[in-house]
Structure formats: C-alpha cells, structure tokens
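Text of the file input-v9.cif, holding mmCIF, C-alpha atoms:
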data_protein
loop_
_atom_site.label_atom_id
_atom_site.label_comp_id
_atom_site.auth_asym_id
_atom_site.auth_seq_id
_atom_site.Cartn_x
_atom_site.Cartn_y
_atom_site.Cartn_z
CA MET U 1 -24.27 -1.00 -2.69
CA ALA U 2 -24.99 1.32 0.19
CA PHE U 3 -27.47 -0.94 1.94
CA THR U 4 -26.59 -0.33 5.55
CA LEU U 5 -28.29 -0.99 8.86
CA TYR U 6 -29.28 2.66 8.99
CA SER U 7 -31.15 2.48 5.71
CA LEU U 8 -32.83 -0.70 6.91
CA LEU U 9 -34.03 1.13 10.02
CA GLN U 10 -35.28 4.01 7.89
CA ALA U 11 -37.15 1.63 5.59
CA ALA U 12 -38.67 -0.18 8.56
CA LEU U 13 -39.84 3.09 10.08
CA LEU U 14 -41.39 4.17 6.79
CA CYS U 15 -43.13 0.82 6.36
CA VAL U 16 -44.60 0.92 9.86
CA ASN U 17 -45.74 4.47 9.24
CA ALA U 18 -47.39 3.33 6.02
CA ILE U 19 -49.28 0.59 7.83
CA ALA U 20 -50.38 2.99 10.54
CA VAL U 21 -51.70 5.51 8.06
CA LEU U 22 -54.20 3.17 6.40
CA HIS U 23 -57.62 4.52 7.19
CA GLU U 24 -60.01 2.02 8.68
CA GLU U 25 -63.30 3.27 7.28
CA ARG U 26 -62.37 4.83 4.01
CA PHE U 27 -59.94 2.29 2.74
CA LEU U 28 -59.74 -1.01 4.51
CA LYS U 29 -63.45 -1.63 4.59
CA ASN U 30 -63.74 -0.78 0.93
CA ILE U 31 -61.29 -3.45 -0.08
CA GLY U 32 -62.68 -5.92 2.38
CA TRP U 33 -59.79 -5.87 4.80
CA GLY U 34 -61.60 -4.34 7.76
CA THR U 35 -61.02 -5.64 11.23
CA ASP U 36 -64.55 -6.91 11.64
CA GLN U 37 -64.61 -8.65 8.30
CA GLY U 38 -61.74 -10.96 8.91
CA ILE U 39 -62.96 -13.31 11.56
CA GLY U 40 -63.95 -16.36 9.65
CA GLY U 41 -65.27 -19.44 11.31
CA PHE U 42 -63.50 -21.28 14.03
CA GLY U 43 -61.71 -23.30 11.45
CA GLU U 44 -58.19 -24.53 11.80
CA GLU U 45 -56.81 -22.74 8.78
CA PRO U 46 -56.71 -18.99 9.23
CA GLY U 47 -55.51 -18.43 5.69
CA ILE U 48 -53.02 -15.88 4.49
CA LYS U 49 -55.51 -13.05 4.07
CA SER U 50 -56.86 -13.21 7.59
CA GLN U 51 -53.32 -13.51 8.96
CA LEU U 52 -52.39 -10.37 7.06
CA MET U 53 -55.43 -8.53 8.35
CA ASN U 54 -54.60 -9.62 11.88
CA LEU U 55 -51.06 -8.44 11.42
CA ILE U 56 -52.16 -5.04 10.13
CA ARG U 57 -54.63 -4.61 12.96
CA SER U 58 -52.10 -5.56 15.63
CA VAL U 59 -49.39 -3.36 14.18
CA ARG U 60 -51.77 -0.43 14.16
CA THR U 61 -52.88 -1.03 17.70
CA VAL U 62 -49.47 -1.65 19.21
CA MET U 63 -47.37 0.89 17.35
CA ARG U 64 -49.69 3.89 17.58
CA VAL U 65 -48.08 5.56 20.59
CA PRO U 66 -44.44 4.50 20.04
CA LEU U 67 -44.69 5.73 16.47
CA ILE U 68 -45.59 9.20 17.67
CA LEU U 69 -42.51 9.27 19.85
CA VAL U 70 -40.15 7.79 17.30
CA ASN U 71 -41.42 10.04 14.54
CA SER U 72 -40.98 13.15 16.66
CA ILE U 73 -37.42 12.14 17.56
CA VAL U 74 -36.55 11.41 13.94
CA ILE U 75 -38.05 14.70 12.74
CA LEU U 76 -36.11 16.56 15.38
CA LEU U 77 -32.85 14.84 14.51
CA LEU U 78 -33.32 15.36 10.79
CA LEU U 79 -34.05 19.03 11.31
CA LEU U 80 -30.98 19.47 13.44
CA PHE U 81 -28.50 17.33 11.57
CA GLY U 82 -29.83 17.11 8.05
CA ALA D 1 -8.62 -25.76 7.28
CA LYS D 2 -10.15 -22.36 7.18
CA ARG D 3 -8.20 -19.36 8.29
CA ARG D 4 -9.60 -18.26 11.59
CA ILE D 5 -9.07 -14.87 13.13
CA PRO D 6 -8.65 -15.22 16.91
CA VAL D 7 -11.30 -12.88 18.17
CA SER D 8 -11.47 -13.00 21.92
CA GLN D 9 -14.97 -13.69 23.11
CA PRO D 10 -15.76 -12.25 26.47
CA GLY D 11 -17.98 -15.18 27.33
CA MET D 12 -15.35 -17.82 26.71
CA ALA D 13 -12.24 -16.73 28.52
CA ASP D 14 -13.35 -15.43 31.87
CA PRO D 15 -17.05 -15.08 32.47
CA HIS D 16 -16.64 -13.03 35.58
CA GLN D 17 -14.54 -10.19 34.33
CA LEU D 18 -16.40 -7.28 32.83
CA PHE D 19 -13.32 -5.34 31.89
CA ASP D 20 -9.77 -6.03 30.83
CA ASP D 21 -7.14 -4.99 33.29
CA THR D 22 -4.48 -3.75 30.92
CA SER D 23 -1.86 -2.72 33.44
CA SER D 24 0.51 -5.66 33.29
CA ALA D 25 2.31 -5.28 36.58
CA GLN D 26 -0.79 -4.73 38.58
CA SER D 27 -2.87 -7.43 36.96
CA ARG D 28 -1.33 -10.11 39.17
CA GLY D 29 -1.88 -8.17 42.31
CA TYR D 30 -5.42 -7.25 41.39
CA GLY D 31 -6.49 -10.61 40.16
CA ALA D 32 -7.60 -11.28 43.71
CA PRO D 33 -10.22 -8.62 44.54
CA ARG D 34 -13.09 -9.91 42.46
CA ALA D 35 -15.36 -10.48 45.40
CA PRO D 36 -16.70 -7.34 47.05
CA SER D 37 -13.92 -6.37 49.37
CA SER D 38 -13.98 -4.16 52.40
CA LEU D 39 -12.37 -0.78 52.34
CA GLY D 40 -9.35 -1.80 54.33
CA TYR D 41 -8.24 -4.51 51.94
CA PRO D 42 -4.45 -4.35 51.56
CA ALA D 43 -4.06 -4.86 47.87
CA ALA D 44 -0.59 -3.43 47.52
CA SER D 45 1.34 -6.21 49.19
CA THR D 46 2.62 -7.92 46.03
CA SER D 47 2.79 -5.01 43.64
CA PRO D 48 6.19 -3.71 42.58
CA GLN D 49 5.01 -0.14 42.50
CA ALA D 50 5.05 -0.08 46.26
CA ALA D 51 5.65 3.63 46.59
CA PHE D 52 2.52 4.52 44.70
CA LEU D 53 0.32 1.99 46.40
CA ALA D 54 1.61 2.32 49.92
CA ASP D 55 -0.28 5.56 50.12
CA PRO D 56 -3.38 4.65 52.17
CA VAL D 57 -5.66 6.98 50.27
CA SER D 58 -4.91 5.33 46.97
CA ASN D 59 -5.28 1.97 48.71
CA MET D 60 -8.78 2.83 49.74
CA ALA D 61 -9.55 4.31 46.35
CA MET D 62 -8.43 1.12 44.56
CA ALA D 63 -10.34 -1.11 46.93
CA TYR D 64 -13.44 1.02 46.62
CA GLY D 65 -13.15 1.05 42.87
CA SER D 66 -12.78 -2.70 42.68
CA SER D 67 -15.76 -3.25 44.99
CA LEU D 68 -17.79 -0.86 42.86
CA ALA D 69 -16.86 -2.79 39.75
CA ALA D 70 -17.81 -6.05 41.40
CA GLN D 71 -21.19 -4.67 42.42
CA GLY D 72 -21.73 -3.36 38.93
CA LYS D 73 -20.93 -6.76 37.52
CA GLU D 74 -23.48 -8.36 39.86
CA LEU D 75 -26.10 -5.82 38.83
CA VAL D 76 -25.54 -6.47 35.15
CA ASP D 77 -25.60 -10.21 35.69
CA LYS D 78 -28.90 -9.99 37.51
CA ASN D 79 -30.60 -7.71 35.01
CA ILE D 80 -29.36 -9.00 31.70
CA ASP D 81 -31.62 -12.01 32.02
CA ARG D 82 -34.56 -9.70 31.59
CA PHE D 83 -33.59 -8.72 28.09
CA PHE D 84 -32.23 -11.85 26.57
CA SER D 85 -31.42 -15.16 28.09
CA VAL D 86 -27.69 -15.59 28.30
CA SER D 87 -27.87 -19.29 29.10
CA LYS D 88 -29.76 -19.97 25.89
CA LEU D 89 -27.13 -18.02 24.02
CA LYS D 90 -24.39 -20.02 25.71
CA TYR D 91 -25.92 -23.19 24.31
CA TYR D 92 -25.11 -22.02 20.82
CA PHE D 93 -21.47 -21.47 21.66
CA ALA D 94 -20.91 -24.83 23.33
CA VAL D 95 -18.74 -26.17 20.55
CA ASP D 96 -15.41 -27.85 20.27
CA THR D 97 -12.86 -28.28 17.54
CA VAL D 98 -14.13 -31.65 16.35
CA TYR D 99 -17.63 -30.29 15.91
CA VAL D 100 -16.41 -27.23 14.02
CA GLY D 101 -14.30 -29.34 11.70
CA LYS D 102 -17.10 -31.78 10.98
CA LYS D 103 -19.64 -29.01 10.51
CA LEU D 104 -17.45 -27.15 8.05
CA GLY D 105 -17.01 -30.38 6.14
CA LEU D 106 -20.77 -30.87 6.17
CA LEU D 107 -21.34 -27.36 4.86
CA VAL D 108 -19.21 -27.92 1.78
CA PHE D 109 -20.16 -31.54 1.22
CA PRO D 110 -23.61 -32.40 2.54
CA TYR D 111 -24.37 -35.07 0.00
CA LEU D 112 -23.32 -38.16 1.90
CA HIS D 113 -24.78 -37.28 5.29
CA GLN D 114 -27.71 -39.51 6.10
CA ASP D 115 -29.24 -38.56 9.40
CA TRP D 116 -30.20 -34.91 9.77
CA GLU D 117 -32.25 -35.15 12.94
CA VAL D 118 -31.16 -33.25 16.01
CA GLN D 119 -30.88 -35.51 19.00
CA TYR D 120 -32.89 -34.54 22.03
CA GLN D 121 -32.15 -35.18 25.65
CA GLN D 122 -35.25 -34.95 27.81
CA ASP D 123 -36.98 -32.36 25.68
CA THR D 124 -34.02 -30.06 25.24
CA PRO D 125 -31.79 -30.26 22.21
CA VAL D 126 -28.36 -31.66 22.81
CA ALA D 127 -25.50 -29.16 22.82
CA PRO D 128 -23.71 -28.76 19.48
CA ARG D 129 -20.64 -30.39 20.95
CA PHE D 130 -22.41 -33.74 20.93
CA ASP D 131 -24.52 -33.56 17.82
CA ILE D 132 -23.36 -32.41 14.45
CA ASN D 133 -26.86 -31.51 13.31
CA ALA D 134 -27.45 -28.94 16.02
CA PRO D 135 -27.17 -25.30 14.93
CA ASP D 136 -24.51 -23.17 16.55
CA LEU D 137 -23.63 -19.51 16.49
CA TYR D 138 -19.87 -19.88 16.67
CA ILE D 139 -19.32 -20.69 13.01
CA PRO D 140 -21.64 -17.94 11.71
CA ALA D 141 -20.10 -15.33 13.99
CA MET D 142 -16.55 -16.28 13.09
CA ALA D 143 -17.43 -16.57 9.42
CA PHE D 144 -19.04 -13.14 9.43
CA ILE D 145 -16.00 -11.46 10.96
CA THR D 146 -13.72 -13.35 8.59
CA TYR D 147 -15.89 -12.26 5.68
CA VAL D 148 -15.51 -8.60 6.63
CA LEU D 149 -11.73 -8.98 6.90
CA VAL D 150 -11.46 -10.92 3.65
CA ALA D 151 -13.58 -8.25 1.95
CA GLY D 152 -11.13 -5.66 3.20
CA LEU D 153 -8.27 -7.76 1.85
CA ALA D 154 -9.94 -8.14 -1.53
CA LEU D 155 -10.66 -4.43 -1.76
CA GLY D 156 -7.07 -3.74 -0.82
CA THR D 157 -5.72 -5.82 -3.68
CA GLN D 158 -7.83 -3.72 -6.02
CA ASP D 159 -6.60 -0.46 -4.51
CA ARG D 160 -10.11 0.39 -3.46
CA PHE D 161 -9.62 0.05 0.25
CA SER D 162 -10.35 2.64 2.88
CA PRO D 163 -11.06 1.92 6.56
CA ASP D 164 -14.65 3.04 6.53
CA LEU D 165 -15.38 0.54 3.76
CA LEU D 166 -14.89 -2.23 6.31
CA GLY D 167 -17.66 -0.81 8.43
CA LEU D 168 -19.80 -0.39 5.35
CA GLN D 169 -19.31 -4.04 4.34
CA ALA D 170 -20.11 -5.26 7.84
CA SER D 171 -23.18 -3.08 8.09
CA SER D 172 -24.39 -4.13 4.67
CA ALA D 173 -24.00 -7.84 5.39
CA LEU D 174 -25.75 -7.43 8.74
CA ALA D 175 -28.58 -5.50 7.10
CA TRP D 176 -29.10 -8.29 4.53
CA LEU D 177 -29.10 -10.84 7.33
CA ALA D 178 -31.68 -8.88 9.31
CA LEU D 179 -33.83 -8.48 6.21
CA GLU D 180 -33.66 -12.21 5.51
CA VAL D 181 -34.60 -13.09 9.08
CA LEU D 182 -37.53 -10.67 9.02
CA ALA D 183 -38.76 -11.92 5.66
CA ILE D 184 -38.62 -15.55 6.76
CA LEU D 185 -40.32 -14.82 10.08
CA LEU D 186 -43.04 -12.90 8.26
CA SER D 187 -43.67 -15.69 5.80
CA LEU D 188 -43.66 -18.30 8.57
CA TYR D 189 -46.28 -16.23 10.39
CA LEU D 190 -48.42 -15.70 7.33
CA VAL D 191 -48.54 -19.36 6.39
CA THR D 192 -49.17 -20.29 10.05
CA ILE D 193 -46.44 -22.83 10.31
CA ASN D 194 -45.84 -23.94 13.85
CA THR D 195 -42.24 -24.94 14.14
CA ASP D 196 -39.74 -25.06 16.91
CA LEU D 197 -37.47 -22.96 14.75
CA THR D 198 -36.46 -20.11 17.02
CA THR D 199 -35.11 -16.82 15.76
CA ILE D 200 -31.61 -17.65 16.93
CA ASP D 201 -31.76 -20.98 15.10
CA LEU D 202 -32.74 -19.10 11.98
CA VAL D 203 -29.87 -16.64 12.39
CA ALA D 204 -27.52 -19.58 12.81
CA PHE D 205 -28.74 -21.32 9.65
CA LEU D 206 -28.61 -18.14 7.63
CA GLY D 207 -25.13 -17.40 8.85
CA TYR D 208 -23.71 -20.60 7.43
CA LYS D 209 -23.53 -19.16 3.94
CA TYR D 210 -20.64 -16.90 4.96
CA VAL D 211 -18.38 -19.96 4.94
CA GLY D 212 -19.02 -20.48 1.24
CA MET D 213 -18.62 -16.79 0.55
CA ILE D 214 -15.23 -16.67 2.24
CA SER D 215 -13.90 -19.68 0.36
CA GLY D 216 -15.19 -18.23 -2.91
CA VAL D 217 -13.55 -14.87 -2.39
CA LEU D 218 -10.27 -16.39 -1.21
CA THR D 219 -10.12 -18.68 -4.22
CA GLY D 220 -10.95 -15.72 -6.41
CA LEU D 221 -8.05 -13.80 -4.94
CA LEU D 222 -5.66 -16.67 -5.51
CA PHE D 223 -6.82 -18.02 -8.86
CA GLY D 224 -8.82 -15.25 -10.52
CA LYS D 225 -12.38 -15.22 -11.68
CA ILE D 226 -12.45 -18.85 -12.85
CA GLY D 227 -11.54 -20.10 -9.41
CA TYR D 228 -14.06 -17.77 -7.83
CA TYR D 229 -16.93 -18.98 -10.00
CA LEU D 230 -16.03 -22.64 -9.57
CA VAL D 231 -15.76 -22.56 -5.80
CA LEU D 232 -18.75 -20.26 -5.44
CA GLY D 233 -20.85 -22.53 -7.65
CA TRP D 234 -19.85 -25.56 -5.61
CA CYS D 235 -20.58 -23.81 -2.30
CA CYS D 236 -23.89 -22.48 -3.60
CA THR D 237 -25.17 -25.93 -4.48
CA SER D 238 -23.95 -27.43 -1.24
CA ILE D 239 -25.55 -24.67 0.84
CA PHE D 240 -28.75 -25.16 -1.17
CA VAL D 241 -28.83 -28.88 -0.39
CA PHE D 242 -27.84 -28.28 3.23
CA MET D 243 -30.61 -25.76 3.78
CA ILE D 244 -33.24 -27.90 2.13
CA ARG D 245 -32.32 -30.96 4.14
CA THR D 246 -32.17 -29.04 7.40
CA LEU D 247 -35.28 -26.92 6.93
CA ARG D 248 -37.29 -29.83 5.65
CA LEU D 249 -37.06 -31.39 9.07
CA LYS D 250 -38.02 -28.19 10.82
CA ILE D 251 -40.73 -26.77 8.59
CA LEU D 252 -42.21 -29.90 7.15
CA ALA D 253 -41.83 -31.91 10.33
CA GLU D 254 -45.51 -32.06 11.13
CA ALA D 255 -46.41 -33.25 7.70
CA ALA D 256 -43.67 -35.83 7.74
CA ALA D 257 -44.73 -37.05 11.17
CA GLU D 258 -48.39 -37.31 10.23
CA GLY D 259 -47.49 -39.30 7.21
CA VAL D 260 -50.81 -38.69 5.53
CA PRO D 261 -50.94 -35.68 3.16
CA VAL D 262 -54.31 -34.41 4.32
CA ARG D 263 -54.01 -30.81 3.22
CA GLY D 264 -52.10 -30.90 0.02
CA ALA D 265 -52.14 -27.18 -0.52
CA ARG D 266 -50.58 -26.45 2.84
CA ASN D 267 -47.77 -28.87 2.38
CA GLN D 268 -47.16 -27.39 -1.00
CA LEU D 269 -46.89 -23.94 0.55
CA ARG D 270 -44.39 -25.23 3.09
CA MET D 271 -42.37 -26.87 0.36
CA TYR D 272 -42.38 -23.63 -1.63
CA LEU D 273 -41.25 -21.72 1.43
CA THR D 274 -38.39 -24.11 2.07
CA MET D 275 -37.31 -23.94 -1.55
CA ALA D 276 -37.50 -20.14 -1.54
CA VAL D 277 -35.38 -19.86 1.59
CA ALA D 278 -32.83 -22.28 0.21
CA ALA D 279 -32.76 -20.56 -3.18
CA ALA D 280 -32.22 -17.16 -1.60
CA GLN D 281 -28.93 -18.33 -0.13
CA PRO D 282 -26.96 -18.72 -3.39
CA LEU D 283 -28.38 -15.44 -4.67
CA LEU D 284 -27.23 -13.58 -1.60
CA MET D 285 -23.89 -15.33 -1.66
CA TYR D 286 -23.31 -14.08 -5.18
CA TRP D 287 -24.69 -10.61 -4.50
CA LEU D 288 -22.49 -10.01 -1.50
CA THR D 289 -19.24 -11.16 -3.10
CA PHE D 290 -19.24 -10.44 -6.81
CA HIS D 291 -18.04 -6.89 -6.37
CA LEU D 292 -15.03 -8.12 -4.44
CA VAL D 293 -13.53 -10.22 -7.20
CA ARG D 294 -12.74 -8.36 -10.37
#

Whole structure given in structure tokens:
Amino acid sequence: MAFTLYSLLQAALLCVNAIAVLHEERFLKNIGWGTDQGIGGFGEEPGIKSQLMNLIRSVRTVMRVPLILVNSIVILLLLLFG
Amino acid sequence: AKRRIPVSQPGMADPHQLFDDTSSAQSRGYGAPRAPSSLGYPAASTSPQAAFLADPVSNMAMAYGSSLAAQGKELVDKNIDRFFSVSKLKYYFAVDTVYVGKKLGLLVFPYLHQDWEVQYQQDTPVAPRFDINAPDLYIPAMAFITYVLVAGLALGTQDRFSPDLLGLQASSALAWLALEVLAILLSLYLVTINTDLTTIDLVAFLGYKYVGMISGVLTGLLFGKIGYYLVLGWCCTSIFVFMIRTLRLKILAEAAAEGVPVRGARNQLRMYLTMAVAAAQPLLMYWLTFHLVR
C-alpha cells in the first residue's frame, strides 16, 4: 500500500498534463465538447456536461504556463536523480 | 476516554514565540526581551552565567539577535495573512474539554442526538466551544497523529515495525484524505451545489473517521480480530449516520428550506452525493486499518 503524498502529486501532474494535451480542433469539437459548443441558454441549471467543459477549458487556460515550468523542473529532477 | 498524545501546538501555548528557547538557565533571563530592544539592553543581570554574559560584545550580540528574532516574528505575522487566514484557523481550534468529550460521544453514538443545526451568532458560526454541532480541527488532528502512533504500535506487535513505516503510514493517510477532499470538491462543483461548506469544514468532517479507526485498531490489539471487526463495524455505522445527518443539513439545506421539491432530479443527485460521501467513510476506515490487525 505505497500510496504516498508523492505519488498523489505525480498522479495530479499527469492528470493535468492529460487535460492540457487534449486538442481543441481535432478532438474536442469532434465529440461535441468544444469551448464554443457549451454555452447553453441562460438557464439556471448548467448541467454536468457544461460544467465539465468549463472545467476543462479553465484548466487549459490557467495551467498552460505553469505546466511548462513544472514539467521542465520535474524532467530535470528525474534526469538527475532517477 | 481516548488515549491522547500530548502534542504541543505552537498556537495554543504562547502565540508570540516563534522558537523554543531550550537553554534552561537563560530562559528566565531572556523571557523579557520579546519586544524589539535597543542594542544597549542589559540582559545579563539575572543570569547565573555572569562571566559569559558580562562580556559587552556578547551582550550586544544577544540583544541584537533577540531584536532580529522579534522583527522576524512581526514580519511573519504580517505576511502570513496573505496565504491563509490564521484567525479562521483559530476558530477551529477553539475547543474545550467538555466539547471534546461530548463530540467523541456523538461520533460513536449519534443515534439519539436530535438537533444537528449549527447555531449562528450574527452571521458567523458559533465557536465549537459553545455548540456541539460545529466542526473543529482539534479532534481530527489529534486523531490523525494518534492513528499514526497506534499504527506503529500495531506494526510493532507484529514485528513488522521500522521507523520509516511511520512516515509511510502518515503520508498514505494524508494522501487518501487529500484525494477524498479533491473528489468531493470536484463533485460539488460538477453538480453545482452552492453550500457554505468550506474546504476546512470538509477536512474536519472527513477527519472524524480516524476516531473510529483508532478504537478499532486498539480493540483489535487487545482482543484479536473479533474485537476489531465488532468495534470497527459499530464505528462504521455510527460514522455513516453522523455524516449523513451532518451533510444533509449542509448539502441539502436549500432543498429543505424551500420545502417544495421543484427539481426532483437535482435533489436526487444531492442525495446520491451525500450517500456516496457517507458510504466512502466506512470503506476507507476498513482499507486503512485492516493490514494493521492480523
């Protein structure tokens, strides 16, 4: 049961990388999860799907630059220390 | 009464001291210069090591060092509010013995308690000292540390103990807690539930299961597997009921206040979420302790 904080951090980094790698035009639009397809009416219930799409879009927008930095640091550390 | 390990909390004993002065003879004499003192402050007047401190250079060095420490303390005090609000955190530690005793009793026997509402006092929740329904962080923190120590004890009785296993247990339990908090926050966001359930509240509620885990493991150590399963089963059901009754007020509060079930599907989703959160507690309680009792 080696589920430590370090492995949680690793998993979180990999998940955020996975979200950032989803291509807008080739993939998300094809399955109907594009950023311009989500804005339904001005209803009160956003619904789970539009919340998810909002989440993906905001994660991609916010984490683009920090991910570059964090990934470079992690690659460097893994190269040096294995 | 639960066995409590006296961990000294820096916030409780002396809120103004950043460091522990471990030199016993000098601690009396240096209890005074906490305010920023000038360089000529004669601090050596009451110290028995007069020869060492009569030297004016070391006088000045001590006074300068103490003033530096005081300025550092002021700097930290001013800037820590930017990262997380210490006063809000202090609310969760405003407990007393009566509250802790009653809360522990409520955690293992929540079936007779009638009123689960948190009392408010002019829009802010009342401190845990005055209301048994308010969440606190003292019990979860203490229970977590006790769990790590009891896990070490249990591993020791099985001859499987080594010091780094303690760190591994603590890290593992913390990782599960973080994962739970993230999962619940994610599902609360996805289902667009607007609650006043803050993250710290959630950490407090999720930390209450450590009490059941500790009692299960201790009973397992004393009475073998039968005792472990009995006590763990009892604590699992009581934590399940406790979580449902507490979260129902927080998550389903709007629906309960409206009274009219307008959107049936949404209330159903909230109910499912509450049940899922409550059901995850016994599972985690079992998962984190079964390897300790053999």

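Closest approach to chain U from the set D:Phe240, D:Phe109, D:Tyr189, D:Tyr272 is made by D:Tyr189, with distances taken over only C-alpha atoms.
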
Reference answer for the PyMOL selection byres ((chain D) within 12 of (chain U)), as JSON, numbers by chain: {"D": [165, 166, 167, 168, 169, 170, 171, 172, 173, 174, 175, 176, 177, 178, 179, 180, 182, 186, 187, 188, 189, 190, 191, 192, 193, 263, 265, 266, 269, 287, 288, 289, 290, 291, 292]}

Name the residues, using the chain letters and numbers of the file, that sit within 9 Å of (-53.9, 1.9, 11.6) when counting all atoms listed in the file, and give them as a PyMOL selection string. chain U and resi 17-24+56-61+63-64

Can those selected residues be exported to a file as a PDB file, in the frame of the given file so that it contains C-alpha atoms?
ATOM      1  CA  ASN U  17     -45.740   4.470   9.240  1.00  0.00           C
ATOM      2  CA  ALA U  18     -47.390   3.330   6.020  1.00  0.00           C
ATOM      3  CA  ILE U  19     -49.280   0.590   7.830  1.00  0.00           C
ATOM      4  CA  ALA U  20     -50.380   2.990  10.540  1.00  0.00           C
ATOM      5  CA  VAL U  21     -51.700   5.510   8.060  1.00  0.00           C
ATOM      6  CA  LEU U  22     -54.200   3.170   6.400  1.00  0.00           C
ATOM      7  CA  HIS U  23     -57.620   4.520   7.190  1.00  0.00           C
ATOM      8  CA  GLU U  24     -60.010   2.020   8.680  1.00  0.00           C
ATOM      9  CA  ILE U  56     -52.160  -5.040  10.130  1.00  0.00           C
ATOM     10  CA  ARG U  57     -54.630  -4.610  12.960  1.00  0.00           C
ATOM     11  CA  SER U  58     -52.100  -5.560  15.630  1.00  0.00           C
ATOM     12  CA  VAL U  59     -49.390  -3.360  14.180  1.00  0.00           C
ATOM     13  CA  ARG U  60     -51.770  -0.430  14.160  1.00  0.00           C
ATOM     14  CA  THR U  61     -52.880  -1.030  17.700  1.00  0.00           C
ATOM     15  CA  MET U  63     -47.370   0.890  17.350  1.00  0.00           C
ATOM     16  CA  ARG U  64     -49.690   3.890  17.580  1.00  0.00           C
TER      17      ARG U  64
END

Up to 12 Å from (-17.5, -27.3, 6.6) in the file's coordinates: name the residues, counting all atoms listed in the file, as a ChimeraX atom specification. /D:1-2,97-110,132,139-140,143,208-212,214-215,235,238-239,242

With distances taken over only C-alpha atoms, the candidate from U:Val16, U:Val70, U:Leu80, U:Met53 nearest U:Leu28 is U:Met53

Report, in Å with one decimal, the straight-line distance from atom CA of U:Ser72 to atom CA of U:Gln10.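 For atom CA of U:Ser72 relative to atom CA of U:Gln10, the distance reads 13.9 Å.
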
Translate the PyMOL selection byres ((chain D and resi 245) around 10), as applied to the file shown, into an explicit residue set as number ranges by chain. D: 110-111, 113-117, 239-244, 246-250, 274, 278

Exercise on stretch 124-127 of chain D, axis-aligned box with 4 Å per side, report centre and edge lengths in Å to one decimal, as lines of an AutoDock Vina configuration file:
center_x = -29.8
center_y = -30.4
center_z = 23.7
size_x = 16.5
size_y = 10.5
size_z = 11.0

Calculate how many Å separate atom CA of D:Ala141 from atom CA of D:Ile226, rounding to one decimal. 28.1 Å

Work out how far atom CA of D:Tyr229 is from atom CA of D:Gly216, in Å to one decimal.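 So the two atoms, atom CA of D:Gly216 and atom CA of D:Tyr229, lie 7.3 Å apart.
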
If the PyMOL selection byres ((chain D and resi 122-131) around 9) were run on this exact file, what residues would it hold? Put them as a list in words.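 Answer for the PyMOL selection byres ((chain D and resi 122-131) around 9): Tyr91, Tyr92, Phe93, Ala94, Val95, Asp96, Thr97, Val98, Tyr99, Val100, Val118, Gln119, Tyr120, Gln121, Ile132, Asn133, Ala134, Pro135 and Asp136 of chain D.
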